[in-house]
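K.L.:
Take this structure first; my questions come after.
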Amino acid sequence: MVAPSEVLDAVIVGAGFAGIGMAIKLDAANTPNFVILERGDGVGGTWRDNRYPGCACDVPAHLYSYSFEPNPSWSLPYAPQNEILAYLEKCVDKYHLRGRLRLKTAAKQARFDEELGLWEVEASTGQKFLARSLIVGAGPLNRWSVPKIAGLEKFQGPMFHSADWKEDVSLEGKRVAVIGTGASSIQIVPAIAKKVGKLHVFQRTPAWILPKQNGVIDAKAQARYAKYPAAQRAIRRTMYGVNEFFGLGFTHFRPIMGIGEMVANKYREKVVRDPVLRDKLTPKYPIGCKRVLMSNDFYPAMQRENVELVTDGIREIRERSIVTSDGVEREVDVIVLATGFDAADIKAPFAIEGRRGQSLPDGAEAYLGTTFAGFPNFFMIIGPNTGLGHTSMIVMMEAQIGYILGALRTMQKKKLKLLDVKQDVVRGYNERLQKRLAKTVWSGDCRSWYKTEGGKNTTLWPGLTIEYRARMASFDADRYEQVKEALPVA
């Protein structure tokens with residue numbers, strides 16, 4: 001028998017935006033009996049891990065923050081990594097979450113006890129937690145994508161992924177190779193170009209890049225936001241509306257994307273003077289098919305005398321060099337893998353065992369990106385097909401958090417030990433979702449991290465966030481199997 005005092009209301013896995021936001025709202029809902037398991041030595045998730053030079057958000061800071069916790073102190077419209085991390089630390093302290101945090105404590109495995117209606121979660125420390133619900137907010141940007149290049153393991157110099165930046169490796173005067181020209185690369189390249197001796201940037205596919213409106217937010221503006229929070233909320237609402245408008249171009253009315261394409265083309269033509277280099281940097285696929293990037297300094301950096309754009313494929317990596325498909329060998333001292341993450345390959349972040357001993361499989365489909373059939377009282381924040389191409393992920397997270405709170409209230413009110421989304425509901429939802437995705441710009445002929453190797457888009461939501469928020473506004477209990485049974489008392 002299990003004593004009620006031994007049972008938590010929830011175990012939250014991950015202390016990034018998702019986990020911290022969930023914890024704040026659980027506490028506000030008078031459900032304070034929970035812990036947050038975090039494998040790292042601090043909070044912040046991807047904003048703790050990614051510390052590469054130039055790291056910043058490509059979503060406006062006023063929108064990339066909790067709606068209930070505006071930050072008047074952003075120094076730039078697009079906040080740098082250190083300010084975002086400081087914001088999350090401040091939230092943890094303001095909402096008194098330190099006592100619920102279990103740092104350096106990774107969730108190792110979780111098993112659902114169907115008889116008791118409880119999750120047993122085993123941590124890397126050997127601790128075990130019993131909880132009525134399991135909420136995973138680990139996020140998809142924690143599995144590095146390492147390219148399959150012949151000889152990669154032979155390289156004798158420092159080599160590291162952008163998400164594992166080695167601050168003790170000096171790049172001063174070195175010959176550096178950056179593999180990739182995606183979201184992290186266009187921030188890294190300008191940040192290191194001035195200090196390295198020679199920089200080789202290896203590009204597989206050029207990106208659509210828009211100029212970034214990133215003027216400094218001075219002390220007067222910060223003081224005004226602090227004094228008049230409504231002004232900052234108004235800016236947030238305006239940004240949200242503008243982004244939703246352009247979201248129509250991704251999902252419903254593609255001609256809108258022509259505006260972005262025109263701006264990107266004019267920007268490139270204005271900034272990149274060499275027509276040969278400009279052609280190499282010009283995408284040959286529709287804008288939006290891959291992630292649209294924003295930068296004011298990537299194109300200028302690519303025109304420095306010590307920077308070379310390499311568009312020939314890499315044939316092999318040797319002990320001290322990189323050889324491309326045209327046979328050219330370039331000697332390098334350091335290799336930076338700016339190759340992103342395996343976000344499209346849906347995998348359980350740790351071993352999760354649901355009803356009848358079934359394991360959460362790779363590629364599992366979810367209902368509303370949040371719940372999985374056969375895994376009762378289990379919720380995932382930023383699960384399959386909840387990603388966005390046009391606005392802030394915080395919007396999606398908050399919608400999911402509200403939905404999860406609705407589920408927990410339903411369990412409490414009806415005294416349920418088990419709430420399990422029906423298999424046919426999950427199947428029907430995902431069939432409709434994939435049909436909608438086929439009509440979006442993301443189904444175009446381009447290779448992106450949105451899609452698996454087989455071409456299935458497992459990452460993105462096919463509509464606007466306003467639709468998703470409406471669907472998540474109330475918990476649809478009729479889509480779930482419900483089993484009542486009082487918790488046994490010792």
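Lettering and numbering for the structure tokens are positional, with chains as A, B, ... in the shown order, residues counted from 1 in each chain, and ligands counted from 1 in the shown order.
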Check range 155-240 of chain A with DSSP on the backbone and list each residue it calls helix (DSSP H, G or I), as an NGL selection string.

P.N.:
:A and (162-164 or 185-193 or 219-227 or 229-240)

K.L.:
List the spatial neighbours of Ser392 in chain A as a list in words - criterion: any atom at most 12 Å away, only C-alpha atoms, same-chain residues fewer than 5 positions off excluded.

P.N.:
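Counting only the stated atoms, we get Phe17, Cys57, Asp58, Val59, Pro60, Ala61, His62, Leu63, Tyr64, Ser65, Tyr66, Ser67, Tyr78, Arg236, Met239, Tyr240, Gly241, Val242, Asn243, Glu244, Gly247, Thr386, Gly387, Met397, Glu398, Ala399, Leu464 and Thr465 of chain A.
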
K.L.:
Of the residues A:Gly260, A:Gly454, A:Gly197, A:Gly389, which is the one nearest to Glu308 in chain A, using only C-alpha atoms?

P.N.:
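Closest to Glu308 in chain A, using only C-alpha atoms: A:Gly197.
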
K.L.:
May I have the residues within 10 Å of range 436-438 of chain A as a PyMOL selection string, using only C-alpha atoms and disregarding those fewer than 5 positions away in the same chain?

P.N.:
chain A and resi 250-252+385+430-431+443-444+456-458+460-463

K.L.:
Residues at most 9 Å from Ala477 in chain A, counting only C-alpha atoms, excluding those fewer than 5 positions away in the same chain, as a PyMOL selection string?

P.N.:
chain A and resi 407+410+419+421+482

K.L.:
Please provide as a PyMOL selection string all residues within 12 Å of Asp41 in chain A, with the sequence filter that same-chain residues fewer than 3 positions apart are discarded (counting only C-alpha atoms).

P.N.:
chain A and resi 14-15+37-38+44-45+48-49+101-106

K.L.:
Here is a test: counting only C-alpha atoms, which residue of A:Pro77, A:Gly173, A:Gly139, A:Gly182 is nearest to Val201 in chain A?

P.N.:
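Using only C-alpha atoms, Val201 in chain A sits closest to A:Gly182.
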
K.L.:
Using only C-alpha atoms, determine which residues lie at most 8 Å from Gln423 in chain A, disregarding the query and same-chain residues fewer than 2 positions distant; provide the list as a list in words.

P.N.:
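The residues that qualify are Ala373, Gly374, Val421, Val425, Val426 and Arg427 of chain A.
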
K.L.:
Using the selection just defined, write its residues with N, CA and C atoms as a PDB file, in the first residue's frame.

P.N.:
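Okay, this is what ended up in selection.pdb:
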```pdb
ATOM      1  N   ALA A 373      -1.591   7.798 -26.529  1.00  0.00           N
ATOM      2  CA  ALA A 373      -2.457   6.667 -26.178  1.00  0.00           C
ATOM      3  C   ALA A 373      -1.647   5.570 -25.495  1.00  0.00           C
ATOM      4  N   GLY A 374      -2.178   5.038 -24.400  1.00  0.00           N
ATOM      5  CA  GLY A 374      -1.496   3.977 -23.661  1.00  0.00           C
ATOM      6  C   GLY A 374      -0.572   4.502 -22.579  1.00  0.00           C
ATOM      7  N   VAL A 421      -5.765   9.121 -23.367  1.00  0.00           N
ATOM      8  CA  VAL A 421      -6.348   9.511 -24.651  1.00  0.00           C
ATOM      9  C   VAL A 421      -6.590   8.262 -25.505  1.00  0.00           C
ATOM     10  N   VAL A 425      -8.645   8.477 -31.412  1.00  0.00           N
ATOM     11  CA  VAL A 425      -8.572   9.937 -31.373  1.00  0.00           C
ATOM     12  C   VAL A 425      -7.198  10.402 -31.854  1.00  0.00           C
ATOM     13  N   VAL A 426      -6.143   9.750 -31.365  1.00  0.00           N
ATOM     14  CA  VAL A 426      -4.782  10.087 -31.777  1.00  0.00           C
ATOM     15  C   VAL A 426      -4.597   9.842 -33.273  1.00  0.00           C
ATOM     16  N   ARG A 427      -5.093   8.699 -33.742  1.00  0.00           N
ATOM     17  CA  ARG A 427      -4.929   8.346 -35.156  1.00  0.00           C
ATOM     18  C   ARG A 427      -5.650   9.342 -36.056  1.00  0.00           C
TER      19      ARG A 427
END
```

K.L.:
Grab the CA of Val35 in chain A to CA of Arg100 in chain A distance for me, in Å with one decimal place.

P.N.:
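Pair CA of Val35 in chain A / CA of Arg100 in chain A returns 4.7 Å.
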
K.L.:
In terms of the shortest atom-to-atom distance over only C-alpha atoms, which of A:Val178, A:Leu337, A:Leu433, A:Ile322 is closest to Glu365 in chain A?

P.N.:
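Residue with the minimum atom-to-atom distance to Glu365 in chain A: A:Leu433.
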
K.L.:
Nearest residue to Val121 in chain A out of A:Lys414, A:Asp297, A:Phe350, A:His200, using only C-alpha atoms?

P.N.:
A:Phe350
